[in-house]
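Visitor: Sharing input-v1.txt (compact mmCIF, C-alpha atoms and all ligand atoms) below.
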# COMPACT_ATOMS: atom_id res chain seq x y z
CA MET A 70 -25.76 81.67 -12.46
CA ALA A 71 -23.07 79.32 -13.77
CA THR A 72 -21.58 79.96 -17.19
CA VAL A 73 -21.16 77.22 -19.79
CA ASN A 74 -18.49 77.99 -22.38
CA VAL A 75 -19.52 76.87 -25.82
CA ALA A 76 -17.46 76.17 -28.94
CA VAL A 77 -19.43 76.00 -32.17
CA LEU A 78 -17.70 73.99 -34.90
CA GLY A 79 -19.12 75.10 -38.25
CA ALA A 80 -21.08 78.26 -39.10
CA GLY A 81 -23.01 77.07 -42.14
CA THR A 82 -26.78 76.88 -42.56
CA VAL A 83 -27.48 75.35 -39.15
CA GLY A 84 -24.44 76.64 -37.22
CA SER A 85 -25.18 80.26 -38.10
CA GLN A 86 -28.79 79.89 -36.90
CA VAL A 87 -27.65 78.30 -33.64
CA ILE A 88 -25.37 81.30 -33.08
CA ARG A 89 -28.13 83.75 -34.00
CA LEU A 90 -30.62 82.12 -31.62
CA ILE A 91 -28.12 82.02 -28.75
CA GLN A 92 -27.39 85.73 -29.41
CA GLU A 93 -31.09 86.69 -29.62
CA GLU A 94 -32.67 84.29 -27.13
CA GLY A 95 -29.74 83.83 -24.74
CA GLY A 96 -31.72 85.11 -21.72
CA ASP A 97 -34.55 82.62 -22.12
CA LEU A 98 -32.19 79.78 -22.99
CA ALA A 99 -30.13 80.56 -19.87
CA ALA A 100 -33.25 80.59 -17.70
CA ARG A 101 -34.29 77.19 -19.08
CA ALA A 102 -30.81 75.71 -18.69
CA GLY A 103 -30.00 77.35 -15.36
CA ALA A 104 -26.72 78.47 -16.90
CA ASP A 105 -25.49 81.28 -19.14
CA LEU A 106 -24.42 80.12 -22.59
CA ASN A 107 -21.21 81.88 -23.50
CA ILE A 108 -20.12 81.34 -27.11
CA GLN A 109 -16.38 81.37 -26.72
CA ALA A 110 -15.31 80.36 -30.22
CA VAL A 111 -16.81 79.72 -33.65
CA VAL A 112 -14.61 77.45 -35.72
CA VAL A 113 -14.74 78.02 -39.48
CA ARG A 114 -12.61 77.15 -42.49
CA ASN A 115 -12.27 80.76 -43.60
CA VAL A 116 -12.69 83.57 -41.06
CA SER A 117 -13.33 86.20 -43.74
CA ALA A 118 -16.04 84.33 -45.69
CA PRO A 119 -19.42 86.13 -45.92
CA ARG A 120 -22.01 84.83 -43.43
CA ASP A 121 -25.80 84.88 -43.01
CA VAL A 122 -25.47 85.98 -39.39
CA GLU A 123 -23.33 88.65 -37.83
CA ILE A 124 -20.68 86.99 -35.67
CA ASP A 125 -18.22 88.91 -33.51
CA PRO A 126 -14.98 88.60 -35.55
CA ALA A 127 -13.06 88.00 -32.32
CA LEU A 128 -14.89 84.67 -31.92
CA LEU A 129 -14.03 83.35 -35.37
CA THR A 130 -11.10 80.98 -35.52
CA THR A 131 -9.73 78.17 -37.64
CA ASP A 132 -8.14 76.49 -34.60
CA ALA A 133 -10.63 73.76 -33.71
CA ASN A 134 -8.35 72.05 -31.20
CA GLN A 135 -7.87 75.15 -29.10
CA ALA A 136 -11.59 75.97 -29.25
CA ILE A 137 -12.44 72.45 -28.01
CA ASP A 138 -9.79 72.50 -25.30
CA ASN A 139 -11.17 75.79 -23.87
CA ALA A 140 -14.87 74.83 -24.00
CA ASP A 141 -17.26 73.06 -21.62
CA LEU A 142 -19.65 72.17 -24.42
CA VAL A 143 -18.85 71.56 -28.08
CA ILE A 144 -21.50 71.91 -30.81
CA GLU A 145 -20.39 70.05 -33.94
CA LEU A 146 -22.17 71.21 -37.09
CA ILE A 147 -19.52 70.69 -39.73
CA GLY A 148 -21.04 67.52 -41.20
CA GLY A 149 -19.35 64.53 -42.85
CA ILE A 150 -17.02 62.03 -41.23
CA GLU A 151 -13.69 63.87 -41.06
CA PRO A 152 -12.64 66.17 -39.47
CA PRO A 153 -15.76 65.87 -37.24
CA ARG A 154 -14.87 62.35 -35.99
CA THR A 155 -11.42 63.42 -34.81
CA LEU A 156 -12.75 66.63 -33.26
CA VAL A 157 -15.68 64.97 -31.49
CA LEU A 158 -13.36 62.26 -30.13
CA ARG A 159 -10.99 64.96 -28.86
CA ALA A 160 -13.82 66.67 -26.98
CA LEU A 161 -15.28 63.44 -25.58
CA SER A 162 -11.89 62.16 -24.48
CA GLN A 163 -11.54 65.33 -22.39
CA GLY A 164 -14.91 64.55 -20.75
CA LYS A 165 -16.61 67.39 -22.59
CA THR A 166 -20.23 67.39 -23.65
CA VAL A 167 -20.82 67.18 -27.40
CA VAL A 168 -23.99 68.17 -29.23
CA THR A 169 -23.98 67.15 -32.88
CA GLY A 170 -26.34 67.04 -35.82
CA ASN A 171 -24.06 64.72 -37.75
CA LYS A 172 -26.09 61.67 -38.87
CA ALA A 173 -23.37 60.30 -41.14
CA LEU A 174 -20.85 60.31 -38.27
CA LEU A 175 -23.26 58.69 -35.80
CA ALA A 176 -24.48 56.05 -38.25
CA ALA A 177 -20.92 55.04 -39.16
CA HIS A 178 -19.01 55.58 -35.88
CA GLY A 179 -21.66 55.86 -33.14
CA PRO A 180 -20.31 52.95 -31.02
CA GLU A 181 -16.77 54.37 -31.04
CA LEU A 182 -18.04 57.80 -29.96
CA TYR A 183 -20.22 56.31 -27.22
CA GLU A 184 -17.35 54.19 -25.91
CA VAL A 185 -14.99 57.16 -25.64
CA ALA A 186 -17.80 59.19 -24.05
CA ALA A 187 -18.48 56.46 -21.47
CA GLN A 188 -14.78 56.02 -20.66
CA ASN A 189 -14.45 59.74 -19.96
CA GLY A 190 -17.81 60.50 -18.37
CA ALA A 191 -18.76 62.70 -21.33
CA ASP A 192 -22.24 63.26 -22.75
CA LEU A 193 -23.25 62.99 -26.41
CA TYR A 194 -26.49 64.48 -27.74
CA TYR A 195 -27.85 64.37 -31.31
CA GLU A 196 -31.50 65.41 -31.59
CA ALA A 197 -30.68 67.38 -34.76
CA ALA A 198 -29.27 64.32 -36.54
CA VAL A 199 -32.72 62.97 -37.46
CA ALA A 200 -35.60 64.92 -38.96
CA GLY A 201 -34.46 68.48 -38.10
CA ALA A 202 -36.91 70.16 -35.75
CA VAL A 203 -38.99 67.00 -35.22
CA PRO A 204 -38.26 65.69 -31.68
CA VAL A 205 -38.16 62.03 -32.67
CA VAL A 206 -34.80 61.18 -31.07
CA TYR A 207 -36.06 62.43 -27.71
CA GLY A 208 -39.43 60.83 -28.40
CA LEU A 209 -37.96 57.37 -28.94
CA ARG A 210 -35.27 57.55 -26.30
CA GLU A 211 -37.18 59.25 -23.46
CA SER A 212 -40.89 59.61 -24.10
CA LEU A 213 -41.30 56.02 -25.30
CA ALA A 214 -38.79 54.42 -22.89
CA GLY A 215 -41.75 52.76 -21.19
CA ASP A 216 -42.85 50.85 -24.25
CA LYS A 217 -41.63 48.13 -26.59
CA ILE A 218 -41.25 49.64 -30.05
CA LEU A 219 -42.44 47.42 -32.88
CA ARG A 220 -41.84 49.61 -35.92
CA VAL A 221 -40.53 53.04 -36.92
CA LEU A 222 -41.38 54.07 -40.44
CA GLY A 223 -41.34 57.37 -42.18
CA ILE A 224 -40.18 60.10 -44.48
CA VAL A 225 -36.86 61.33 -43.12
CA ASN A 226 -35.39 63.06 -46.16
CA GLY A 227 -36.91 66.35 -47.28
CA THR A 228 -34.99 66.63 -50.54
CA THR A 229 -36.33 63.36 -51.95
CA ASN A 230 -39.81 64.07 -50.62
CA PHE A 231 -39.74 67.43 -52.40
CA ILE A 232 -38.63 65.79 -55.67
CA LEU A 233 -41.22 62.97 -55.50
CA ASP A 234 -43.92 65.44 -54.52
CA SER A 235 -43.14 67.71 -57.45
CA MET A 236 -43.05 64.71 -59.84
CA THR A 237 -46.49 63.74 -58.50
CA SER A 238 -48.04 67.19 -58.69
CA THR A 239 -46.57 68.28 -62.05
CA GLY A 240 -45.88 65.03 -63.91
CA ALA A 241 -42.24 66.15 -64.27
CA SER A 242 -39.43 63.69 -64.95
CA TYR A 243 -37.00 62.85 -62.15
CA GLU A 244 -34.27 64.90 -63.86
CA ASP A 245 -36.49 68.01 -64.19
CA ALA A 246 -37.79 67.72 -60.63
CA LEU A 247 -34.23 67.37 -59.31
CA ALA A 248 -33.07 70.40 -61.33
CA GLU A 249 -36.00 72.43 -59.93
CA ALA A 250 -35.17 71.28 -56.37
CA GLN A 251 -31.56 72.39 -56.93
CA ARG A 252 -32.67 75.75 -58.35
CA LEU A 253 -34.85 76.37 -55.28
CA GLY A 254 -32.08 75.32 -52.89
CA PHE A 255 -33.81 72.14 -51.64
CA ALA A 256 -31.25 69.82 -53.26
CA GLU A 257 -27.51 70.20 -53.16
CA ALA A 258 -25.32 70.57 -56.25
CA ASP A 259 -24.14 67.00 -55.58
CA PRO A 260 -27.42 65.39 -54.55
CA THR A 261 -26.05 61.84 -54.21
CA ALA A 262 -26.42 61.41 -50.45
CA ASP A 263 -30.07 62.46 -50.58
CA VAL A 264 -31.30 60.91 -53.84
CA GLU A 265 -29.49 57.60 -53.40
CA GLY A 266 -31.05 57.20 -49.95
CA LEU A 267 -27.81 57.43 -47.94
CA ASP A 268 -28.95 60.34 -45.75
CA ALA A 269 -32.20 58.47 -45.01
CA ALA A 270 -30.25 55.26 -44.33
CA ALA A 271 -28.06 57.01 -41.74
CA LYS A 272 -31.19 58.33 -40.01
CA CYS A 273 -32.81 54.90 -40.26
CA ALA A 274 -29.81 53.35 -38.49
CA ILE A 275 -29.97 55.96 -35.71
CA LEU A 276 -33.72 55.48 -35.22
CA ALA A 277 -33.38 51.68 -35.21
CA SER A 278 -30.57 51.82 -32.63
CA LEU A 279 -32.75 53.93 -30.34
CA ALA A 280 -35.96 51.98 -30.91
CA PHE A 281 -34.51 48.51 -30.51
CA HIS A 282 -31.59 49.12 -28.08
CA THR A 283 -29.27 47.52 -30.56
CA ARG A 284 -26.27 48.82 -32.47
CA VAL A 285 -27.38 49.41 -36.05
CA SER A 286 -24.95 50.97 -38.51
CA ILE A 287 -25.60 52.48 -41.93
CA ASP A 288 -24.00 49.35 -43.44
CA ASP A 289 -26.85 47.24 -42.01
CA VAL A 290 -29.49 49.21 -43.92
CA ALA A 291 -30.66 47.90 -47.31
CA VAL A 292 -30.81 51.07 -49.41
CA GLU A 293 -32.44 52.02 -52.69
CA GLY A 294 -32.78 55.68 -53.65
CA ILE A 295 -35.18 57.50 -55.97
CA SER A 296 -32.98 58.15 -59.01
CA SER A 297 -34.57 55.36 -61.05
CA ILE A 298 -38.17 56.48 -60.41
CA THR A 299 -39.76 57.61 -63.67
CA ALA A 300 -42.74 59.78 -64.49
CA ASP A 301 -44.42 56.54 -65.63
CA ASP A 302 -43.90 54.96 -62.19
CA ILE A 303 -45.54 58.00 -60.60
CA ALA A 304 -48.47 57.91 -63.06
CA GLU A 305 -48.98 54.15 -62.56
CA ALA A 306 -48.88 54.62 -58.80
CA GLU A 307 -51.47 57.38 -59.08
CA ALA A 308 -53.70 55.21 -61.27
CA GLY A 309 -53.60 52.58 -58.54
CA GLY A 310 -54.59 55.12 -55.85
CA ASN A 311 -51.05 55.49 -54.49
CA VAL A 312 -48.19 57.96 -54.26
CA ILE A 313 -44.51 57.02 -54.14
CA LYS A 314 -42.59 58.01 -51.01
CA LEU A 315 -39.02 57.23 -49.98
CA LEU A 316 -39.57 55.46 -46.66
CA ALA A 317 -37.09 54.53 -43.97
CA ILE A 318 -38.32 51.40 -42.21
CA ALA A 319 -36.98 49.91 -38.99
CA GLU A 320 -38.93 46.91 -37.82
CA ARG A 321 -38.77 44.36 -35.02
CA VAL A 322 -39.34 41.00 -36.71
CA THR A 323 -40.28 37.92 -34.71
CA LYS A 324 -39.49 34.69 -36.53
CA ASP A 325 -41.53 31.49 -36.14
CA ASP A 326 -38.99 30.17 -33.62
CA GLY A 327 -39.69 33.21 -31.40
CA THR A 328 -36.33 34.93 -32.01
CA GLU A 329 -36.41 38.69 -32.53
CA TRP A 330 -34.53 40.44 -35.30
CA VAL A 331 -34.22 43.99 -36.63
CA SER A 332 -35.04 44.72 -40.25
CA VAL A 333 -33.79 48.07 -41.59
CA ARG A 334 -34.34 49.36 -45.09
CA VAL A 335 -34.85 52.49 -47.18
CA HIS A 336 -36.63 52.33 -50.52
CA PRO A 337 -39.25 54.02 -52.69
CA THR A 338 -42.61 52.73 -51.50
CA LEU A 339 -46.21 52.81 -52.72
CA VAL A 340 -48.32 54.61 -50.12
CA PRO A 341 -52.14 54.72 -50.44
CA ARG A 342 -53.38 58.25 -51.22
CA ASP A 343 -55.46 58.40 -48.07
CA HIS A 344 -52.64 57.33 -45.74
CA ALA A 345 -51.32 60.17 -43.59
CA LEU A 346 -47.78 59.75 -44.99
CA ALA A 347 -49.07 60.30 -48.53
CA ASN A 348 -50.00 63.84 -47.51
CA VAL A 349 -46.59 64.78 -46.16
CA ASN A 350 -45.65 67.19 -48.91
CA GLY A 351 -42.70 69.31 -49.96
CA ALA A 352 -39.60 69.03 -47.82
CA PHE A 353 -41.46 67.97 -44.66
CA ASN A 354 -40.62 64.85 -42.65
CA SER A 355 -42.94 62.51 -40.81
CA ILE A 356 -42.27 59.41 -38.75
CA VAL A 357 -44.84 56.88 -37.61
CA VAL A 358 -43.94 54.85 -34.52
CA ASP A 359 -45.82 51.72 -33.47
CA GLY A 360 -45.45 50.87 -29.80
CA GLU A 361 -46.73 47.61 -28.36
CA SER A 362 -48.75 49.39 -25.66
CA ALA A 363 -48.79 53.02 -26.79
CA GLY A 364 -50.14 52.09 -30.21
CA ARG A 365 -49.46 54.38 -33.12
CA LEU A 366 -47.80 57.80 -32.79
CA MET A 367 -46.99 60.19 -35.57
CA PHE A 368 -44.31 62.89 -35.64
CA TYR A 369 -44.41 65.60 -38.30
CA GLY A 370 -42.49 68.77 -39.06
CA GLN A 371 -39.59 70.47 -40.77
CA GLY A 372 -36.78 67.99 -41.27
CA ALA A 373 -34.19 70.39 -42.61
CA GLY A 374 -33.33 74.08 -42.83
CA GLY A 375 -31.20 76.34 -40.65
CA ALA A 376 -33.61 77.67 -38.03
CA PRO A 377 -35.75 74.51 -37.61
CA THR A 378 -32.69 72.28 -37.21
CA ALA A 379 -31.08 74.85 -34.89
CA THR A 380 -33.99 74.44 -32.47
CA ALA A 381 -33.15 70.73 -32.18
CA VAL A 382 -29.51 71.57 -31.51
CA LEU A 383 -30.55 74.09 -28.87
CA SER A 384 -32.86 71.63 -27.12
CA ASP A 385 -29.78 69.45 -26.59
CA VAL A 386 -27.70 72.48 -25.59
CA VAL A 387 -30.25 73.47 -22.92
CA ALA A 388 -30.35 69.92 -21.51
CA ALA A 389 -26.56 69.58 -21.64
CA ALA A 390 -25.91 72.99 -20.08
CA SER A 391 -28.34 72.18 -17.29
CA HIS A 392 -26.43 68.98 -16.53
CA ILE A 393 -23.09 70.79 -16.61
CA ALA A 394 -24.37 73.52 -14.28
CA ASN A 395 -26.60 71.50 -11.97
CA GLY A 396 -25.17 67.99 -12.14
CA GLY A 397 -26.55 64.89 -13.79
CA ASN A 398 -25.71 62.95 -16.89
CA GLY A 399 -26.88 62.92 -20.45
CA PRO A 400 -28.40 59.86 -22.09
CA ARG A 401 -26.24 56.74 -22.33
CA GLU A 402 -26.09 54.37 -25.28
CA LEU A 403 -28.53 51.55 -24.54
CA VAL A 404 -27.70 48.39 -26.49
CA TYR A 405 -28.76 45.74 -23.99
CA ALA A 406 -31.14 44.04 -26.46
CA ASN A 407 -28.39 43.46 -29.03
CA LEU A 408 -30.83 42.02 -31.58
CA PRO A 409 -29.41 40.48 -34.76
CA ILE A 410 -29.95 42.29 -38.06
CA LEU A 411 -32.30 40.43 -40.37
CA PRO A 412 -30.58 39.65 -43.70
CA ARG A 413 -32.04 41.69 -46.54
CA ALA A 414 -33.23 38.55 -48.37
CA GLU A 415 -35.45 37.65 -45.39
CA ALA A 416 -37.25 41.02 -45.16
CA VAL A 417 -40.93 40.62 -45.97
CA THR A 418 -43.14 43.11 -47.79
CA ARG A 419 -45.55 43.38 -50.73
CA TYR A 420 -44.37 44.22 -54.24
CA GLN A 421 -45.60 45.80 -57.43
CA VAL A 422 -43.67 44.35 -60.37
CA GLN A 423 -44.00 45.79 -63.86
CA ALA A 424 -42.77 43.86 -66.86
CA GLU A 425 -42.96 44.49 -70.58
CA ILE A 426 -43.99 41.22 -72.24
CA ARG A 427 -44.62 39.74 -75.68
CA ASP A 428 -48.41 39.69 -75.94
CA ARG A 429 -48.88 36.10 -77.13
CA VAL A 430 -50.80 33.00 -76.10
CA GLY A 431 -49.82 31.61 -72.70
CA VAL A 432 -47.64 34.48 -71.54
CA LEU A 433 -49.80 35.24 -68.51
CA ALA A 434 -49.72 31.60 -67.42
CA GLU A 435 -45.96 31.55 -67.84
CA VAL A 436 -45.46 34.73 -65.79
CA ALA A 437 -47.88 33.55 -63.10
CA GLY A 438 -45.99 30.23 -63.04
CA ILE A 439 -42.73 32.02 -62.27
CA PHE A 440 -44.31 33.73 -59.25
CA ALA A 441 -45.85 30.43 -58.10
CA ALA A 442 -42.62 28.48 -58.52
CA ASN A 443 -40.90 30.93 -56.16
CA GLY A 444 -43.70 30.84 -53.58
CA VAL A 445 -44.81 34.43 -54.25
CA SER A 446 -48.58 34.79 -54.19
CA ILE A 447 -50.16 37.21 -56.68
CA LYS A 448 -52.82 39.60 -55.43
CA SER A 449 -53.81 41.21 -58.73
CA VAL A 450 -52.70 41.54 -62.33
CA SER A 451 -53.49 44.18 -64.91
CA GLN A 452 -52.34 44.54 -68.48
CA ARG A 453 -52.16 47.47 -70.88
CA ASP A 454 -50.79 47.85 -74.40
CA ALA A 455 -47.22 49.07 -74.49
CA ASN A 456 -47.46 50.58 -77.99
CA ASP A 457 -44.24 48.81 -78.91
CA GLU A 458 -43.66 46.06 -81.43
CA VAL A 459 -41.02 43.34 -81.41
CA SER A 460 -40.16 40.95 -84.21
CA GLU A 461 -41.38 37.41 -83.65
CA GLY A 462 -40.72 34.70 -86.23
CA SER A 463 -41.73 36.09 -89.57
CA GLY A 464 -43.81 38.99 -88.29
CA ASP A 465 -44.15 41.63 -85.62
CA LEU A 466 -45.83 41.14 -82.27
CA LYS A 467 -47.41 43.71 -79.98
CA THR A 468 -45.99 44.09 -76.53
CA ALA A 469 -47.86 44.83 -73.32
CA VAL A 470 -47.06 45.98 -69.81
CA LEU A 471 -48.10 43.68 -66.98
CA THR A 472 -48.50 45.15 -63.51
CA ILE A 473 -48.50 42.47 -60.84
CA LEU A 474 -49.23 43.13 -57.18
CA THR A 475 -48.14 40.45 -54.75
CA HIS A 476 -49.06 39.40 -51.25
CA ARG A 477 -46.31 39.52 -48.64
CA ALA A 478 -43.15 37.69 -49.67
CA THR A 479 -39.45 37.77 -48.86
CA GLU A 480 -36.99 39.96 -50.76
CA GLY A 481 -35.05 36.80 -51.60
CA SER A 482 -37.99 35.11 -53.32
CA LEU A 483 -38.90 38.33 -55.15
CA GLU A 484 -35.32 38.64 -56.36
CA GLN A 485 -35.54 35.11 -57.78
CA VAL A 486 -38.87 35.96 -59.46
CA VAL A 487 -37.25 38.96 -61.14
CA ALA A 488 -34.24 36.90 -62.27
CA ASP A 489 -36.55 34.22 -63.71
CA LEU A 490 -38.74 36.82 -65.42
CA ASN A 491 -35.67 38.38 -67.01
CA ASP A 492 -34.61 34.92 -68.23
CA SER A 493 -38.02 34.17 -69.73
CA ALA A 494 -38.35 34.44 -73.51
CA SER A 495 -41.79 36.02 -73.03
CA VAL A 496 -40.49 38.91 -70.95
CA ILE A 497 -38.73 41.79 -72.65
CA GLU A 498 -37.75 43.48 -69.37
CA VAL A 499 -38.79 43.97 -65.78
CA SER A 500 -39.24 47.72 -65.87
CA SER A 501 -39.96 48.54 -62.24
CA ILE A 502 -40.21 47.02 -58.78
CA LEU A 503 -41.88 48.99 -56.02
CA ARG A 504 -42.63 47.93 -52.48
CA SER A 505 -45.84 48.45 -50.61
CA GLU A 506 -45.55 48.70 -46.80
CA VAL A 507 -48.57 50.46 -45.43
CA SER A 508 -52.32 50.14 -45.80
CA ALA A 509 -54.67 53.09 -45.75
N1 LIG A 601 -30.54 66.69 -46.68
C1 LIG A 601 -31.47 66.33 -45.67
C2 LIG A 601 -32.87 66.34 -46.25
C3 LIG A 601 -31.46 67.24 -44.47
O1 LIG A 601 -33.06 66.62 -47.42
O2 LIG A 601 -33.79 66.02 -45.51
C4 LIG A 601 -30.30 66.97 -43.60
O3 LIG A 601 -30.26 65.63 -43.23
Would you mind writing the file's structure down as C-alpha cells?
Guide:
Amino acid sequence: MATVNVAVLGAGTVGSQVIRLIQEEGGDLAARAGADLNIQAVVVRNVSAPRDVEIDPALLTTDANQAIDNADLVIELIGGIEPPRTLVLRALSQGKTVVTGNKALLAAHGPELYEVAAQNGADLYYEAAVAGAVPVVYGLRESLAGDKILRVLGIVNGTTNFILDSMTSTGASYEDALAEAQRLGFAEADPTADVEGLDAAAKCAILASLAFHTRVSIDDVAVEGISSITADDIAEAEAGGNVIKLLAIAERVTKDDGTEWVSVRVHPTLVPRDHALANVNGAFNSIVVDGESAGRLMFYGQGAGGAPTATAVLSDVVAAASHIANGGNGPRELVYANLPILPRAEAVTRYQVQAEIRDRVGVLAEVAGIFAANGVSIKSVSQRDANDEVSEGSGDLKTAVLTILTHRATEGSLEQVVADLNDSASVIEVSSILRSEVSA
C-alpha cells in the first residue's frame, strides 16, 4: 500500500483530535483511502506546551516550512488569516494537497488559493470549514451537483445558537448568557467573531460560492450579530410564537427582468416555534437547502468541537489520500455562473419593527403613514403600555410600545422607514428591528 506523508499544522482542539483519530483509527482510514497515512510532522508554536492528546515528541516542530516541504498532504488547522495563508500558498504552489478547516481564510482569500492550486495541479479541500461534522460542503458540491440550488439558509454558528437558546430557555440577558457560554467553554474569551456574526458570514460566503458557482467573499455578506438582542426581544418573539435564531441566508434572486443575483446575509431572525430550525438547540448547527428539483433538504449536527470537526477533516484526508495514491483530482473551484451580488438595500424580507411612541391622538395614523409613504405594507400592529412617561406641553404623557409586522419589503425601504420614524416627533425611539424569513 502507498504511504501518504502528512504534515499537521496546528495541534489545538481540532488538530489534536485529528492526530488522535489517525493514531487510533489509522488502519481503517488507510483501508478506506487505499493508502497509509503517515503523520510526519506536527507544527506547533510551542513544542513543550501541554496537550490533550499524546503526540510523539519527535514529530513536534515549530518549522512549518520544512514540514510542508517534506509532506504529500498538509492539514491546516491553525485558524485565522496569517500565517495560514502564507503556509497554504507554499503547499499549493508545490502542488501539494491541502485540507483546511479555515473558514476565515477561504472566505477572504479563496480565489487566490484556488488560482495557485489550479496553476500547480494541487487540490484544496475544506469540509471542516462549515458546520463541523455536518457534511454540507460535500452535500452542496457533490450530492447536489445535479440540481439548481435556490436557497441555503441555516444556523451555522453554535456559540450564538447556544447563547440565544439559553436566553430563550432561562430569560437571561445577553450578557449573562454570554458569560455562561464562556464559563462552559462554548464561547471564546474574545467572542467577537461569533457574536458579531463574522464566523457565520464567512461560512455563508463559502456556502453561497458552492451553491451558486459564483465567487462570494465575506465582504459581500450583510452582517448583523446578536449582541444587541435583549431579553425583551426574546420575550416579545416568544409572545408572537417565535424564537430568535442567527441565520445565514444565501439566496438566488431573480429580478423582474429575468436576471439572477445572489443575496447573502447574516442576521438575527424570527423563526416560528414549530419550524424545524426553531428546535435546533444548544451549540448544534442546521442548514436547510432548497433545490429546484430536489426540493427541501435539511442537514443537522454538531457544528463545532474537536472530535466532530476532526471527522470532517478526516473525510477530506481520506478522499485526498486516495487521489494521491490512486490518481485523480480533488474538486475544482466552479465559478462559471458568476452571478452578481445583490446590493443589501435590494434584499427582500419581512420585518418586525418595535418603536416606543408618545401615546397621543393620531400617532398610529402617523406611524402607519410613514410605512405607506415608503411602500412598506403593514401586516399587523399591536400596542402595549411602556410604563414610561415623557413630558408633553404642560403635563406628562404615557408612552407605549408599538410592534409592527410588515409584508415583504426591501432593506432599503425599511431603512428609510426607520429613519423617518426616528425623525418623527411622535416616536421616542425605534427599539428593535428583526427580520422574518421562514414560515412554519
Ligand atoms: N465558533 C464556531 C461556532 C465554530 O461557534 O460555531 C467554528 O467555526
Visitor: Nearest residue to ligand LIG 601 (chain A) out of A:Leu279, A:Ala250, A:Ala198, A:Ala80, using all atoms listed in the file?
Guide: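 Result for the nearest residue to ligand LIG 601 (chain A): A:Ala198.
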Visitor: Taking a cut-off of 8 Å and counting all atoms listed in the file, can you build a table that, for each residue of chain A near ligand LIG 601 (chain A), reports the nearest atom pair and how far apart they are in Å (one decimal), sorted by chain then residue number, as a Markdown table?
Guide:
| residue | atom | partner | partner_atom | distance |
| --- | --- | --- | --- | --- |
| A:Lys172 | CA | A:LIG601 | O3 | 7.2 |
| A:Ala198 | CA | A:LIG601 | O3 | 6.9 |
| A:Val199 | CA | A:LIG601 | O3 | 6.8 |
| A:Ala200 | CA | A:LIG601 | O3 | 6.9 |
| A:Gly201 | CA | A:LIG601 | C4 | 7.1 |
| A:Val225 | CA | A:LIG601 | O2 | 6.1 |
| A:Asn226 | CA | A:LIG601 | O2 | 3.4 |
| A:Gly227 | CA | A:LIG601 | O2 | 3.6 |
| A:Thr228 | CA | A:LIG601 | O1 | 3.7 |
| A:Thr229 | CA | A:LIG601 | O1 | 6.5 |
| A:Asn230 | CA | A:LIG601 | O1 | 7.9 |
| A:Phe255 | CA | A:LIG601 | O1 | 7.0 |
| A:Ala256 | CA | A:LIG601 | O1 | 6.9 |
| A:Glu257 | CA | A:LIG601 | N1 | 8.0 |
| A:Ala262 | CA | A:LIG601 | N1 | 7.7 |
| A:Asp263 | CA | A:LIG601 | N1 | 5.8 |
| A:Asp268 | CA | A:LIG601 | O3 | 6.0 |
| A:Ala269 | CA | A:LIG601 | O3 | 7.6 |
| A:Ala352 | CA | A:LIG601 | O2 | 6.9 |
| A:Phe353 | CA | A:LIG601 | O2 | 8.0 |
| A:Asn354 | CA | A:LIG601 | O2 | 7.5 |
| A:Gly372 | CA | A:LIG601 | O2 | 5.5 |
| A:Ala373 | CA | A:LIG601 | C3 | 4.6 |
| A:Gly374 | CA | A:LIG601 | C3 | 7.3 |
Visitor: With C-alpha atoms retained, export the selected residues as a short mmCIF file (atom, residue, chain, number, x, y, z; two decimals), in the coordinates of the input.
Guide:
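The resulting file, again-v3.cif, is shown below:
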data_model
loop_
_atom_site.label_atom_id
_atom_site.label_comp_id
_atom_site.auth_asym_id
_atom_site.auth_seq_id
_atom_site.Cartn_x
_atom_site.Cartn_y
_atom_site.Cartn_z
CA LYS A 172 -26.09 61.67 -38.87
CA ALA A 198 -29.27 64.32 -36.54
CA VAL A 199 -32.72 62.97 -37.46
CA ALA A 200 -35.60 64.92 -38.96
CA GLY A 201 -34.46 68.48 -38.10
CA VAL A 225 -36.86 61.33 -43.12
CA ASN A 226 -35.39 63.06 -46.16
CA GLY A 227 -36.91 66.35 -47.28
CA THR A 228 -34.99 66.63 -50.54
CA THR A 229 -36.33 63.36 -51.95
CA ASN A 230 -39.81 64.07 -50.62
CA PHE A 255 -33.81 72.14 -51.64
CA ALA A 256 -31.25 69.82 -53.26
CA GLU A 257 -27.51 70.20 -53.16
CA ALA A 262 -26.42 61.41 -50.45
CA ASP A 263 -30.07 62.46 -50.58
CA ASP A 268 -28.95 60.34 -45.75
CA ALA A 269 -32.20 58.47 -45.01
CA ALA A 352 -39.60 69.03 -47.82
CA PHE A 353 -41.46 67.97 -44.66
CA ASN A 354 -40.62 64.85 -42.65
CA GLY A 372 -36.78 67.99 -41.27
CA ALA A 373 -34.19 70.39 -42.61
CA GLY A 374 -33.33 74.08 -42.83
#
Visitor: Determine, counting all atoms listed in the file, which protein, DNA and RNA residues have an atom within 8 Å of an atom of A:Leu193; residues of the same chain fewer than 6 positions away are not included. Present the result as a PyMOL selection string.
Guide: chain A and resi 166-169+183+186+399-400
Visitor: Counting only C-alpha atoms, what are the residues of stretch 197-258 of chain A within 12 Å of stretch 290-297 of chain A, and for each of them which pair of atoms is the nearest and at what distance in Å, to one decimal? Sort the table by chain and rising number, as a tab-separated table.
Guide:
residue	atom	partner	partner_atom	distance
A:Asn226	CA	A:Gly294	CA	10.8
A:Thr228	CA	A:Ile295	CA	10.6
A:Thr229	CA	A:Ile295	CA	7.2
A:Asn230	CA	A:Ile295	CA	9.7
A:Phe231	CA	A:Ile295	CA	11.5
A:Ile232	CA	A:Ile295	CA	9.0
A:Leu233	CA	A:Ile295	CA	8.2
A:Asp234	CA	A:Ile295	CA	11.9
A:Met236	CA	A:Ile295	CA	11.4
A:Ser242	CA	A:Ser296	CA	10.4
A:Tyr243	CA	A:Ser296	CA	6.9
A:Glu244	CA	A:Ser296	CA	8.4
A:Asp245	CA	A:Ser296	CA	11.7
A:Ala246	CA	A:Ser296	CA	10.8
A:Leu247	CA	A:Ser296	CA	9.3
Visitor: With distances taken over all atoms listed in the file, which residue among A:Ala455, A:Val205, A:Ile502, A:Ala379 lies nearest A:Met367?
Guide: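 Nearest to A:Met367: A:Val205.
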Visitor: Check the smallest atom-to-atom distance from each of A:Glu145, A:Asp105, A:Asp492, A:Glu480 to A:Val77 using all atoms listed in the file, then report the winner.
Guide: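 Using all atoms listed in the file, A:Val77 sits closest to A:Glu145.
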